[in-house]
>>> print(open('entry-v4.txt').read())   # compact mmCIF, C-alpha atoms and all ligand atoms
# COMPACT_ATOMS: atom_id res chain seq x y z
CA MET A 37 15.19 42.85 -47.57
CA LYS A 38 12.32 42.01 -45.23
CA LEU A 39 8.86 42.72 -46.55
CA HIS A 40 7.98 45.27 -43.89
CA TRP A 41 11.03 47.36 -44.81
CA LYS A 42 10.01 47.34 -48.45
CA ILE A 43 6.49 48.44 -47.51
CA LEU A 44 7.82 51.14 -45.17
CA ILE A 45 10.08 52.50 -47.89
CA GLY A 46 7.12 52.52 -50.29
CA MET A 47 5.09 54.46 -47.74
CA VAL A 48 7.80 57.05 -47.04
CA LEU A 49 8.48 57.57 -50.74
CA GLY A 50 4.73 57.90 -51.35
CA VAL A 51 4.42 60.61 -48.72
CA LEU A 52 7.48 62.49 -50.04
CA PHE A 53 6.27 62.19 -53.61
CA GLY A 54 2.81 63.47 -52.59
CA PHE A 55 4.31 66.51 -50.89
CA LEU A 56 6.57 67.19 -53.85
CA MET A 57 3.67 67.01 -56.30
CA ASN A 58 1.67 69.30 -54.03
CA GLN A 59 4.48 71.84 -54.13
CA LEU A 60 4.72 71.57 -57.90
CA GLY A 61 0.95 71.99 -58.24
CA GLN A 62 0.65 68.54 -59.82
CA LYS A 63 -2.24 67.16 -57.76
CA GLU A 64 -4.06 66.10 -60.88
CA PHE A 65 -1.11 64.08 -62.12
CA VAL A 66 -1.21 62.07 -58.89
CA SER A 67 -4.98 61.59 -59.07
CA ASP A 68 -4.89 60.57 -62.71
CA TRP A 69 -1.72 58.50 -62.92
CA ILE A 70 -0.70 57.32 -59.46
CA LYS A 71 -3.90 56.85 -57.45
CA PRO A 72 -5.30 54.18 -59.81
CA PHE A 73 -2.45 51.85 -58.84
CA GLY A 74 -3.44 52.21 -55.19
CA THR A 75 -7.04 51.48 -56.10
CA ILE A 76 -6.00 48.39 -58.06
CA PHE A 77 -3.97 47.19 -55.08
CA ILE A 78 -6.90 47.56 -52.67
CA ASN A 79 -9.29 45.99 -55.17
CA VAL A 80 -7.15 42.93 -55.66
CA LEU A 81 -6.89 42.45 -51.88
CA LYS A 82 -10.65 42.78 -51.53
CA MET A 83 -11.15 40.45 -54.47
CA ILE A 84 -9.35 37.65 -52.69
CA ALA A 85 -11.02 38.19 -49.29
CA MET A 86 -14.27 36.31 -50.08
CA PRO A 87 -12.64 33.16 -51.54
CA LEU A 88 -10.18 33.24 -48.65
CA ILE A 89 -12.89 33.39 -46.01
CA LEU A 90 -14.81 30.57 -47.61
CA ALA A 91 -11.86 28.27 -48.23
CA SER A 92 -10.01 28.94 -44.99
CA ILE A 93 -12.96 28.64 -42.61
CA ILE A 94 -14.17 25.43 -44.21
CA THR A 95 -10.67 23.93 -44.26
CA GLY A 96 -9.96 25.08 -40.70
CA LEU A 97 -13.17 23.63 -39.28
CA ALA A 98 -12.83 20.39 -41.21
CA ASP A 99 -9.32 20.03 -39.79
CA LEU A 100 -10.53 20.51 -36.24
CA LYS A 101 -12.85 17.56 -36.67
CA ASP A 102 -14.37 18.16 -33.27
CA PHE A 103 -17.55 20.11 -32.69
CA SER A 104 -16.90 20.79 -29.01
CA LYS A 105 -13.50 22.29 -29.86
CA ILE A 106 -15.17 24.66 -32.29
CA SER A 107 -17.73 25.89 -29.81
CA LYS A 108 -15.05 26.33 -27.13
CA MET A 109 -12.94 28.34 -29.52
CA GLY A 110 -15.96 30.39 -30.56
CA GLY A 111 -16.77 31.18 -26.94
CA LYS A 112 -13.23 32.33 -26.19
CA THR A 113 -13.08 34.45 -29.34
CA ILE A 114 -16.36 36.26 -28.67
CA THR A 115 -15.41 36.83 -25.01
CA TYR A 116 -12.08 38.34 -26.08
CA TYR A 117 -13.70 40.51 -28.74
CA LEU A 118 -16.39 41.94 -26.49
CA SER A 119 -14.18 42.55 -23.47
CA THR A 120 -11.25 44.18 -25.30
CA THR A 121 -13.67 46.45 -27.16
CA ALA A 122 -15.36 47.53 -23.92
CA ILE A 123 -11.93 48.19 -22.39
CA ALA A 124 -10.93 50.25 -25.44
CA VAL A 125 -14.05 52.42 -25.10
CA THR A 126 -13.35 52.89 -21.40
CA ILE A 127 -9.78 54.02 -22.11
CA GLY A 128 -11.16 56.46 -24.68
CA LEU A 129 -13.71 57.86 -22.23
CA VAL A 130 -11.17 58.30 -19.45
CA LEU A 131 -8.68 60.05 -21.74
CA ALA A 132 -11.32 62.37 -23.24
CA ASN A 133 -12.48 63.38 -19.76
CA ILE A 134 -8.95 64.02 -18.52
CA VAL A 135 -7.67 65.91 -21.58
CA ASN A 136 -10.92 67.75 -22.35
CA PRO A 137 -10.04 68.26 -26.04
CA GLY A 138 -13.24 70.24 -26.67
CA SER A 139 -11.91 73.13 -24.60
CA PHE A 140 -9.20 73.74 -27.21
CA ILE A 141 -11.69 74.74 -29.89
CA ASN A 142 -12.68 78.39 -29.93
CA GLU A 143 -15.98 79.78 -31.14
CA GLU A 144 -14.57 80.80 -34.51
CA ALA A 145 -12.98 77.43 -35.27
CA ARG A 146 -16.19 75.71 -34.26
CA ALA A 147 -18.28 77.81 -36.64
CA THR A 148 -15.82 77.34 -39.52
CA LEU A 149 -15.64 73.57 -39.08
CA LEU A 150 -19.40 73.17 -38.78
CA GLU A 151 -19.92 75.25 -41.90
CA THR A 152 -17.16 73.74 -44.03
CA PHE A 153 -18.00 70.11 -43.37
CA SER A 154 -21.75 70.17 -42.86
CA GLY A 155 -22.30 68.70 -46.34
CA ASP A 156 -19.90 65.80 -45.70
CA ALA A 157 -21.46 65.20 -42.29
CA THR A 158 -24.93 65.02 -43.81
CA ILE A 159 -23.79 62.27 -46.18
CA LYS A 160 -22.55 60.18 -43.22
CA ILE A 161 -25.69 60.87 -41.22
CA GLU A 162 -27.80 59.70 -44.17
CA ALA A 163 -25.65 56.58 -44.47
CA ALA A 164 -26.31 55.79 -40.82
CA LYS A 165 -30.07 56.17 -41.20
CA ALA A 166 -30.72 52.58 -42.19
CA ALA A 167 -28.76 51.26 -39.19
CA LYS A 168 -30.54 53.66 -36.86
CA GLU A 169 -34.02 52.64 -37.85
CA THR A 170 -33.57 48.94 -37.19
CA THR A 171 -34.97 46.83 -34.38
CA PRO A 172 -32.58 45.46 -31.72
CA LEU A 173 -32.27 42.01 -33.29
CA GLN A 174 -31.79 43.23 -36.86
CA PRO A 175 -27.98 42.72 -36.76
CA LEU A 176 -28.64 39.07 -35.96
CA VAL A 177 -31.09 38.80 -38.84
CA ASP A 178 -28.57 40.45 -41.15
CA MET A 179 -25.99 37.79 -40.33
CA VAL A 180 -27.96 35.09 -42.08
CA PRO A 181 -28.01 35.23 -45.88
CA ASP A 182 -31.19 34.36 -47.75
CA ASN A 183 -29.10 33.63 -50.80
CA LEU A 184 -25.52 32.46 -50.58
CA PHE A 185 -24.53 33.68 -54.01
CA SER A 186 -25.84 37.19 -53.59
CA ALA A 187 -23.98 37.34 -50.27
CA MET A 188 -20.79 36.27 -51.99
CA ILE A 189 -20.93 38.96 -54.62
CA ASN A 190 -21.11 41.71 -52.02
CA ASN A 191 -18.05 42.56 -49.96
CA GLY A 192 -20.35 44.13 -47.40
CA SER A 193 -21.83 40.75 -46.50
CA MET A 194 -18.71 39.04 -45.22
CA LEU A 195 -20.43 38.10 -42.00
CA GLN A 196 -23.09 36.25 -44.01
CA VAL A 197 -20.44 34.29 -45.88
CA ILE A 198 -18.69 33.53 -42.58
CA PHE A 199 -22.02 32.21 -41.26
CA PHE A 200 -22.41 29.92 -44.26
CA ALA A 201 -18.79 28.76 -44.13
CA ILE A 202 -19.09 27.84 -40.44
CA LEU A 203 -22.30 25.93 -41.10
CA PHE A 204 -20.73 24.18 -44.07
CA GLY A 205 -17.58 23.31 -42.07
CA ILE A 206 -19.63 21.86 -39.22
CA ALA A 207 -21.76 19.80 -41.60
CA LEU A 208 -18.61 18.52 -43.24
CA ILE A 209 -17.41 17.17 -39.89
CA LEU A 210 -20.74 15.50 -39.28
CA ILE A 211 -20.88 13.44 -42.48
CA PRO A 212 -18.89 10.21 -42.95
CA GLU A 213 -15.26 10.72 -43.87
CA GLU A 214 -15.37 8.84 -47.15
CA LYS A 215 -18.01 11.32 -48.31
CA SER A 216 -16.31 14.45 -46.96
CA ARG A 217 -12.80 13.63 -48.15
CA GLY A 218 -13.19 14.99 -51.69
CA VAL A 219 -14.90 18.20 -50.57
CA THR A 220 -12.33 18.83 -47.84
CA SER A 221 -9.46 18.27 -50.20
CA PHE A 222 -11.03 20.63 -52.77
CA PHE A 223 -11.33 23.46 -50.24
CA SER A 224 -7.90 22.75 -48.84
CA GLY A 225 -6.41 23.03 -52.34
CA LEU A 226 -8.41 26.18 -52.97
CA ASN A 227 -7.08 27.58 -49.72
CA ASP A 228 -3.48 26.98 -50.80
CA VAL A 229 -4.13 28.64 -54.14
CA VAL A 230 -5.64 31.68 -52.44
CA LEU A 231 -2.69 31.94 -50.05
CA LYS A 232 -0.33 31.81 -53.02
CA ILE A 233 -2.31 34.60 -54.71
CA ILE A 234 -1.81 36.65 -51.54
CA ASP A 235 1.93 36.05 -51.81
CA ILE A 236 1.85 37.37 -55.35
CA ILE A 237 -0.22 40.40 -54.34
CA MET A 238 2.16 41.17 -51.49
CA PHE A 239 4.97 41.31 -53.98
CA THR A 240 3.37 44.50 -55.31
CA ALA A 241 2.60 45.92 -51.87
CA PRO A 242 5.42 48.51 -51.80
CA LEU A 243 4.12 50.00 -55.04
CA GLY A 244 0.52 49.82 -53.83
CA VAL A 245 1.20 51.69 -50.60
CA PHE A 246 3.33 54.24 -52.46
CA ALA A 247 0.36 55.07 -54.69
CA LEU A 248 -2.14 55.08 -51.80
CA LEU A 249 -0.13 57.45 -49.63
CA ALA A 250 0.86 59.79 -52.46
CA ALA A 251 -2.83 60.11 -53.37
CA LEU A 252 -3.75 60.72 -49.75
CA ILE A 253 -1.20 63.49 -49.29
CA VAL A 254 -2.45 65.51 -52.26
CA GLU A 255 -6.00 65.23 -50.88
CA ILE A 256 -5.20 66.61 -47.39
CA PRO A 257 -7.61 69.43 -46.53
CA ASP A 258 -6.52 72.97 -45.76
CA ALA A 259 -4.05 72.84 -42.84
CA SER A 260 -5.56 75.91 -41.17
CA LEU A 261 -8.72 73.90 -40.49
CA LEU A 262 -6.74 71.23 -38.69
CA SER A 263 -5.04 73.38 -36.05
CA GLY A 264 -7.94 73.38 -33.56
CA LEU A 265 -8.26 69.61 -33.88
CA VAL A 266 -4.72 68.78 -32.84
CA VAL A 267 -5.53 68.06 -29.19
CA TYR A 268 -8.52 65.91 -30.14
CA ALA A 269 -6.38 63.98 -32.64
CA LEU A 270 -3.63 63.53 -30.05
CA THR A 271 -6.14 62.22 -27.51
CA VAL A 272 -7.41 59.58 -29.94
CA THR A 273 -3.83 58.76 -30.95
CA ALA A 274 -2.69 58.42 -27.33
CA GLY A 275 -5.52 55.99 -26.62
CA LEU A 276 -4.75 53.95 -29.72
CA LEU A 277 -1.05 53.82 -28.91
CA ILE A 278 -1.81 52.66 -25.36
CA MET A 279 -3.77 49.79 -26.87
CA LEU A 280 -1.05 48.94 -29.37
CA PHE A 281 2.05 49.19 -27.22
CA LEU A 282 0.75 48.48 -23.73
CA PHE A 283 -2.55 46.63 -23.72
CA TYR A 284 -2.03 44.00 -26.44
CA PRO A 285 1.61 43.30 -25.52
CA THR A 286 0.49 42.69 -21.92
CA LEU A 287 -2.26 40.32 -23.10
CA LEU A 288 0.20 38.53 -25.37
CA ILE A 289 2.76 38.07 -22.61
CA VAL A 290 0.23 36.97 -20.00
CA PHE A 291 -2.08 34.77 -22.08
CA ALA A 292 0.07 33.56 -24.98
CA LYS A 293 3.64 33.89 -23.66
CA ILE A 294 4.56 35.80 -26.80
CA LYS A 295 7.15 38.56 -26.57
CA PRO A 296 5.99 41.83 -28.15
CA LYS A 297 9.03 41.84 -30.46
CA ARG A 298 7.98 38.53 -32.00
CA PHE A 299 4.43 39.80 -32.44
CA PHE A 300 5.43 43.04 -34.13
CA LYS A 301 8.02 41.36 -36.32
CA ALA A 302 5.42 38.92 -37.59
CA MET A 303 2.50 41.30 -37.93
CA MET A 304 4.21 44.50 -39.09
CA PRO A 305 3.42 44.09 -42.83
CA ALA A 306 -0.28 43.64 -41.98
CA GLN A 307 -0.19 46.64 -39.66
CA LEU A 308 1.47 48.80 -42.31
CA LEU A 309 -1.11 47.72 -44.86
CA ALA A 310 -3.91 48.48 -42.42
CA PHE A 311 -2.43 51.95 -42.04
CA SER A 312 -2.14 52.47 -45.80
CA THR A 313 -5.53 51.06 -46.80
CA SER A 314 -7.68 52.06 -43.77
CA SER A 315 -9.55 48.83 -44.25
CA SER A 316 -9.45 45.72 -42.04
CA ALA A 317 -11.26 43.79 -44.78
CA ALA A 318 -8.69 44.65 -47.44
CA THR A 319 -5.92 43.80 -44.96
CA LEU A 320 -7.50 40.48 -43.91
CA PRO A 321 -5.69 38.28 -46.45
CA VAL A 322 -2.34 39.60 -45.25
CA THR A 323 -3.33 39.44 -41.58
CA MET A 324 -4.13 35.76 -42.08
CA GLU A 325 -0.97 35.00 -43.97
CA ARG A 326 1.24 36.75 -41.39
CA ALA A 327 -0.52 35.28 -38.36
CA THR A 328 -0.28 31.78 -39.77
CA GLU A 329 3.11 31.71 -41.43
CA HIS A 330 5.01 34.15 -39.23
CA LEU A 331 3.35 34.39 -35.83
CA GLY A 332 2.75 30.67 -35.64
CA VAL A 333 -1.02 30.64 -35.15
CA ASP A 334 -2.34 27.32 -36.41
CA GLU A 335 -4.52 27.73 -39.48
CA ASP A 336 -7.40 25.97 -37.70
CA VAL A 337 -7.56 28.94 -35.35
CA SER A 338 -6.60 31.85 -37.60
CA SER A 339 -9.06 30.81 -40.30
CA PHE A 340 -11.92 31.22 -37.84
CA VAL A 341 -10.78 33.98 -35.47
CA LEU A 342 -9.39 36.45 -38.02
CA PRO A 343 -12.25 36.77 -40.56
CA LEU A 344 -14.69 37.11 -37.68
CA GLY A 345 -12.42 39.69 -36.04
CA ALA A 346 -12.03 41.71 -39.23
CA THR A 347 -15.79 42.08 -39.45
CA ILE A 348 -16.85 42.52 -35.83
CA ASN A 349 -13.84 43.28 -33.62
CA MET A 350 -12.86 46.92 -33.86
CA ASP A 351 -11.21 48.15 -30.68
CA GLY A 352 -9.59 51.12 -32.40
CA THR A 353 -12.89 52.21 -33.91
CA ALA A 354 -14.69 51.88 -30.57
CA LEU A 355 -12.05 53.92 -28.72
CA TYR A 356 -12.20 56.60 -31.40
CA GLN A 357 -16.00 56.71 -31.24
CA ALA A 358 -15.87 57.28 -27.49
CA VAL A 359 -13.35 60.13 -27.70
CA ALA A 360 -15.13 61.68 -30.69
CA ALA A 361 -18.53 61.58 -28.95
CA ILE A 362 -17.16 63.25 -25.82
CA PHE A 363 -15.23 65.79 -27.89
CA ILE A 364 -18.28 66.77 -29.91
CA ALA A 365 -20.36 67.04 -26.73
CA GLN A 366 -17.70 69.28 -25.17
CA VAL A 367 -17.56 71.59 -28.20
CA MET A 368 -21.36 71.74 -28.36
CA ASN A 369 -21.45 72.60 -24.63
CA ILE A 370 -23.41 69.49 -23.71
CA ASP A 371 -22.74 68.10 -20.26
CA LEU A 372 -22.91 64.33 -20.28
CA THR A 373 -23.88 62.62 -17.05
CA ILE A 374 -21.98 59.60 -15.77
CA THR A 375 -24.89 57.39 -16.83
CA GLN A 376 -24.80 58.81 -20.34
CA GLN A 377 -21.07 58.19 -20.49
CA LEU A 378 -21.50 54.62 -19.25
CA MET A 379 -24.13 54.13 -21.94
CA ILE A 380 -21.49 55.16 -24.48
CA ILE A 381 -19.50 52.06 -23.45
CA VAL A 382 -22.41 49.92 -24.59
CA THR A 383 -23.35 51.89 -27.70
CA ALA A 384 -19.76 52.36 -28.94
CA THR A 385 -19.05 48.65 -28.42
CA LEU A 386 -22.13 47.75 -30.47
CA ALA A 387 -21.51 50.49 -33.04
CA SER A 388 -17.97 49.26 -33.61
CA ILE A 389 -19.26 45.72 -34.13
CA GLY A 390 -21.70 47.11 -36.69
CA SER A 391 -19.04 49.17 -38.48
CA ALA A 392 -18.00 47.80 -41.84
CA ALA A 393 -14.31 47.05 -42.25
CA VAL A 394 -13.84 49.80 -44.83
CA PRO A 395 -12.44 53.33 -44.72
CA GLY A 396 -14.56 55.81 -42.81
CA ALA A 397 -17.14 53.27 -41.61
CA GLY A 398 -16.45 54.04 -37.95
CA MET A 399 -17.61 57.58 -38.53
CA VAL A 400 -20.94 56.46 -39.97
CA MET A 401 -21.65 54.34 -36.90
CA LEU A 402 -20.55 57.20 -34.66
CA VAL A 403 -23.85 58.82 -35.68
CA ILE A 404 -25.64 56.11 -33.69
CA VAL A 405 -23.48 56.72 -30.61
CA LEU A 406 -24.18 60.45 -30.83
CA ALA A 407 -27.92 59.92 -31.27
CA GLN A 408 -28.14 57.60 -28.25
CA ALA A 409 -26.25 60.06 -26.06
CA GLY A 410 -28.38 63.00 -27.19
CA ILE A 411 -25.48 64.77 -28.91
CA PRO A 412 -26.41 66.65 -32.13
CA GLU A 413 -25.38 64.56 -35.14
CA ALA A 414 -24.43 67.70 -37.06
CA GLY A 415 -21.44 67.82 -34.70
CA LEU A 416 -19.89 65.18 -36.93
CA ALA A 417 -18.73 68.07 -39.12
CA LEU A 418 -16.32 69.07 -36.34
CA ILE A 419 -14.11 66.01 -36.71
CA PHE A 420 -14.27 65.51 -40.45
CA ALA A 421 -11.06 67.27 -41.43
CA ILE A 422 -8.87 64.97 -39.36
CA ASP A 423 -10.77 61.72 -39.74
CA ARG A 424 -8.70 59.99 -42.40
CA PRO A 425 -5.37 59.87 -40.51
CA LEU A 426 -7.22 58.69 -37.40
CA ASP A 427 -8.98 56.06 -39.51
CA MET A 428 -5.60 54.80 -40.69
CA LEU A 429 -4.37 54.48 -37.13
CA ARG A 430 -7.51 52.90 -35.71
CA THR A 431 -7.47 50.30 -38.49
CA VAL A 432 -3.95 49.30 -37.33
CA ILE A 433 -5.38 48.77 -33.83
CA ASN A 434 -8.36 46.81 -35.20
CA VAL A 435 -6.08 44.45 -37.10
CA SER A 436 -3.62 44.14 -34.19
CA SER A 437 -6.44 43.21 -31.86
CA ASP A 438 -7.60 40.44 -34.20
CA ALA A 439 -4.07 39.04 -34.42
CA THR A 440 -3.70 39.20 -30.63
CA ALA A 441 -6.97 37.28 -30.27
CA ALA A 442 -5.77 34.65 -32.73
CA ALA A 443 -2.52 34.19 -30.80
CA ILE A 444 -4.28 33.97 -27.43
CA VAL A 445 -6.95 31.53 -28.60
CA ALA A 446 -4.33 29.42 -30.38
CA SER A 447 -2.11 29.35 -27.30
CA SER A 448 -5.00 28.33 -25.05
CA GLU A 449 -5.84 25.46 -27.42
CA GLY A 450 -2.22 24.32 -27.72
CA LEU A 451 -2.28 25.42 -31.37
CA LEU A 452 0.43 28.07 -31.30
CA LYS A 453 3.65 27.02 -33.00
CA ASP A 454 7.07 27.88 -31.59
CA PRO A 455 9.15 30.19 -33.79
CA GLY A 456 11.46 27.22 -34.49
CA GLU A 457 8.58 25.27 -36.03
CA LEU A 458 7.82 27.94 -38.63
CA ASP A 459 8.88 27.61 -42.23
CA PRO A 460 12.02 29.74 -42.52
CA ASN A 461 11.42 30.05 -46.26
CA ALA A 462 7.95 31.55 -45.94
CA GLU A 463 9.27 34.96 -46.87
CA LYS A 464 11.68 33.67 -49.50
CA ILE A 465 8.92 32.02 -51.49
CA ARG A 466 7.55 35.47 -52.04
CA SER A 467 10.70 36.96 -53.52
N1 LIG B 1 -11.51 51.66 -41.29
C1 LIG B 1 -11.79 50.86 -40.13
C2 LIG B 1 -11.49 49.41 -40.42
O1 LIG B 1 -11.59 48.98 -41.55
C3 LIG B 1 -13.19 51.02 -39.65
C4 LIG B 1 -13.39 52.43 -39.18
O2 LIG B 1 -13.13 52.70 -38.01
O3 LIG B 1 -13.75 53.30 -39.97
O4 LIG B 1 -11.15 48.67 -39.53
>>> encode(input="entry-v4.txt", output="structure tokens", more="lines below")
Ligand code: ASP
Amino acid sequence: MKLHWKILIGMVLGVLFGFLMNQLGQKEFVSDWIKPFGTIFINVLKMIAMPLILASIITGLADLKDFSKISKMGGKTITYYLSTTAIAVTIGLVLANIVNPGSFINEEARATLLETFSGDATIKIEAAKAAKETTPLQPLVDMVPDNLFSAMINNGSMLQVIFFAILFGIALILIPEEKSRGVTSFFSGLNDVVLKIIDIIMFTAPLGVFALLAALIVEIPDASLLSGLVVYALTVTAGLLIMLFLFYPTLLIVFAKIKPKRFFKAMMPAQLLAFSTSSSAATLPVTMERATEHLGVDEDVSSFVLPLGATINMDGTALYQAVAAIFIAQVMNIDLTITQQLMIIVTATLASIGSAAVPGAGMVMLVIVLAQAGIPEAGLALIFAIDRPLDMLRTVINVSSDATAAAIVASSEGLLKDPGELDPNAEKIRS
């Protein structure tokens, strides 16, 4: 059976099991005995992300051997990332203005939501404080580690490790080959080992997603709180689905000559994992493995484009931030001018870049978007109840956008393999 079917079955069984346990009043059993397996699964994926970034970027750059190729690829990647994110925000803004989801919340629902989730909102607002108080160039400063090893022990500093790996890879190209050979071959071997570890981890994926979804279901908040948020949730979902099924497929057909079916077939396991884990960073190892071995993106491209994308390219998050900001403004009876809405395109694009690739991070950075637009941050409480499912979906979009970028950049560099050139046993090795 194909991997994505196994994962899907794990997900469905997890949801059913969660509901069953809810009915039987066994929430604690799930939290105590099932959830830990989900946590272990996410941890092991995160554990491998740092070594993967280091080994794959260095190997990829060393393989390219050409500095001008690297800078051309970098330029294309950043252009793609910025423009698709800005387009995502625009789609979100247009949808939120057409649907007007705020008008579906009555006074009573508003008061209940604000009261119930004000504590949770405060925690997010506090978390955003540090980001809010920085100077404009601080994100740039934060990209450069002052100590490589302390960067490597912190999953939050992936961008710093990427910075080091790129520098290291470039330096490796610049020194004579007889000196670089040993280092290159070490990292290339390390890269293969890491990829094999990912294969082993993926073997346990169906069990991992089962545990994650079962745990999520028993933690769903009171359904009565969710009813007023349905239209808002549907607006975000509609925007995300437009990106997934219309926007990226069009880009793939036009710029990479890849049929959507091929893309989804290759990337589905990564998309399902993104949905189950709500974390682009935890999904990164699988995104890389699928893009390389199944979509046909040459490792020289995927090793550079995907880690960068997982940390800075978040179209789904940006779209969600736009809809959420407008929704909160509508419920709080704040009229946003066209200029304020256009400013949201800029702030949501930047906020999504600054969002960490972990569950719920998009909501923390939403605080910045709200603050810039003059919308009360306490309004965050309004969207709390429904945030997790939307986080799951926007993470799928974030990961899909990264994979689309990898395919487009690879195609433009002549580094996209035909399906016939792929290893037909790639999946078999796993089972
Ligand atoms: N969970 C998202 C991701 O990892 C970020 C967010 O929107 O919260 O891509």
>>> residues_near_ligand(input="entry-v4.txt", ligand="ligand LIG 1 (chain B)", cutoff="9 Å", atoms="only C-alpha atoms and all ligand atoms", output="PyMOL selection string")
chain A and resi 310+313-319+346-347+349-354+356-357+388+391-401+423-424+426-435
>>> atom_distance(input="entry-v4.txt", atom1="CA of Ile43 (chain A)", atom2="CA of Leu320 (chain A)")
16.5 Å
>>> residues_around(input="entry-v4.txt", residues="Ile84 (chain A)", least_positions_apart="5", cutoff="10 Å", atoms="only C-alpha atoms", output="PyMOL selection string")
chain A and resi 79+89+230-231+233-234+237+318+320-321
>>> closest_residue(input="entry-v4.txt", among="A:Leu81, A:Leu378, A:Leu203, A:Leu451", to="Pro181 (chain A)", atoms="all atoms listed in the file")
A:Leu203
>>> residues_around(input="entry-v4.txt", residues="Asp459 (chain A)", least_positions_apart="6", cutoff="10 Å", atoms="all atoms listed in the file", output="PyMOL selection string")
chain A and resi 329-330+332
>>> atom_distance(input="entry-v4.txt", atom1="CA of Ala443 (chain A)", atom2="CA of Val333 (chain A)")
5.8 Å
>>> residues_around(input="entry-v4.txt", residues="Val272 (chain A)", least_positions_apart="4", cutoff="8 Å", atoms="all atoms listed in the file", output="PyMOL selection string")
chain A and resi 128+268+276+355-356+359+426
>>> closest_atom_pairs(input="entry-v4.txt", of="region 38-131 of chain A", to="region 205-214 of chain A", cutoff="12 Å", atoms="only C-alpha atoms", output="JSON lines")
{"residue": "A:Ile89", "atom": "CA", "partner": "A:Gly205", "partner_atom": "CA", "distance": 11.8}
{"residue": "A:Leu90", "atom": "CA", "partner": "A:Gly205", "partner_atom": "CA", "distance": 9.5}
{"residue": "A:Ala91", "atom": "CA", "partner": "A:Gly205", "partner_atom": "CA", "distance": 9.8}
{"residue": "A:Ser92", "atom": "CA", "partner": "A:Gly205", "partner_atom": "CA", "distance": 9.9}
{"residue": "A:Ile93", "atom": "CA", "partner": "A:Gly205", "partner_atom": "CA", "distance": 7.1}
{"residue": "A:Ile94", "atom": "CA", "partner": "A:Gly205", "partner_atom": "CA", "distance": 4.5}
{"residue": "A:Thr95", "atom": "CA", "partner": "A:Gly205", "partner_atom": "CA", "distance": 7.3}
{"residue": "A:Gly96", "atom": "CA", "partner": "A:Gly205", "partner_atom": "CA", "distance": 7.9}
{"residue": "A:Leu97", "atom": "CA", "partner": "A:Gly205", "partner_atom": "CA", "distance": 5.2}
{"residue": "A:Ala98", "atom": "CA", "partner": "A:Gly205", "partner_atom": "CA", "distance": 5.6}
{"residue": "A:Asp99", "atom": "CA", "partner": "A:Ile209", "partner_atom": "CA", "distance": 8.6}
{"residue": "A:Leu100", "atom": "CA", "partner": "A:Ile209", "partner_atom": "CA", "distance": 8.5}
{"residue": "A:Lys101", "atom": "CA", "partner": "A:Ile209", "partner_atom": "CA", "distance": 5.6}
{"residue": "A:Asp102", "atom": "CA", "partner": "A:Ile209", "partner_atom": "CA", "distance": 7.4}
{"residue": "A:Phe103", "atom": "CA", "partner": "A:Ile206", "partner_atom": "CA", "distance": 7.1}
{"residue": "A:Ser104", "atom": "CA", "partner": "A:Ile206", "partner_atom": "CA", "distance": 10.6}
{"residue": "A:Lys105", "atom": "CA", "partner": "A:Ile206", "partner_atom": "CA", "distance": 11.2}
{"residue": "A:Ile106", "atom": "CA", "partner": "A:Ile206", "partner_atom": "CA", "distance": 8.7}
{"residue": "A:Ser107", "atom": "CA", "partner": "A:Ile206", "partner_atom": "CA", "distance": 10.4}
>>> atom_distance(input="entry-v4.txt", atom1="CA of Gln366 (chain A)", atom2="CA of Val403 (chain A)")
16.1 Å
>>> closest_residue(input="entry-v4.txt", among="A:Ile381, A:Met57, A:Leu418, A:Ala157", to="Val405 (chain A)", atoms="all atoms listed in the file")
A:Ile381
>>> residues_around(input="entry-v4.txt", residues="Ala417 (chain A)", least_positions_apart="2", cutoff="10 Å", atoms="only C-alpha atoms", output="list in words")
Arg146, Thr148, Leu149, Leu150, Glu151, Thr152, Phe153, Ser154, Gly155, Asp156, Ala157, Thr158, Lys160, Ile364, Glu413, Ala414, Gly415, Ile419, Phe420 and Ala421 of chain A
>>> closest_residue(input="entry-v4.txt", among="A:Lys63, A:Leu308, A:Ala358, A:Lys453", to="Thr328 (chain A)", atoms="all atoms listed in the file")
A:Lys453
>>> closest_residue(input="entry-v4.txt", among="A:Pro242, A:Ile114, A:Thr375, A:Lys297", to="Trp41 (chain A)", atoms="all atoms listed in the file")
A:Pro242
>>> closest_residue(input="entry-v4.txt", among="A:Ala361, A:Ser447, A:Ala247, A:Ala274", to="Leu416 (chain A)", atoms="all atoms listed in the file")
A:Ala361
>>> residues_near_point(input="entry-v4.txt", point="(13.2, 44.9, -46.5)", cutoff="12 Å", atoms="only C-alpha atoms", output="PyMOL selection string")
chain A and resi 37-46+239+241-242+301+304-305+463-464+467
>>> closest_residue(input="entry-v4.txt", among="A:Ile70, A:Thr75, A:Leu386, A:Glu457", to="Ala167 (chain A)", atoms="only C-alpha atoms")
A:Leu386
>>> closest_atom_pairs(input="entry-v4.txt", of="region 314-336 of chain A", to="region 215-228 of chain A", cutoff="12 Å", atoms="only C-alpha atoms", output="JSON lines")
{"residue": "A:Pro321", "atom": "CA", "partner": "A:Asn227", "partner_atom": "CA", "distance": 11.3}
{"residue": "A:Met324", "atom": "CA", "partner": "A:Asn227", "partner_atom": "CA", "distance": 11.6}
{"residue": "A:Glu325", "atom": "CA", "partner": "A:Asp228", "partner_atom": "CA", "distance": 10.8}
{"residue": "A:Glu335", "atom": "CA", "partner": "A:Asn227", "partner_atom": "CA", "distance": 10.6}
{"residue": "A:Asp336", "atom": "CA", "partner": "A:Ser224", "partner_atom": "CA", "distance": 11.6}
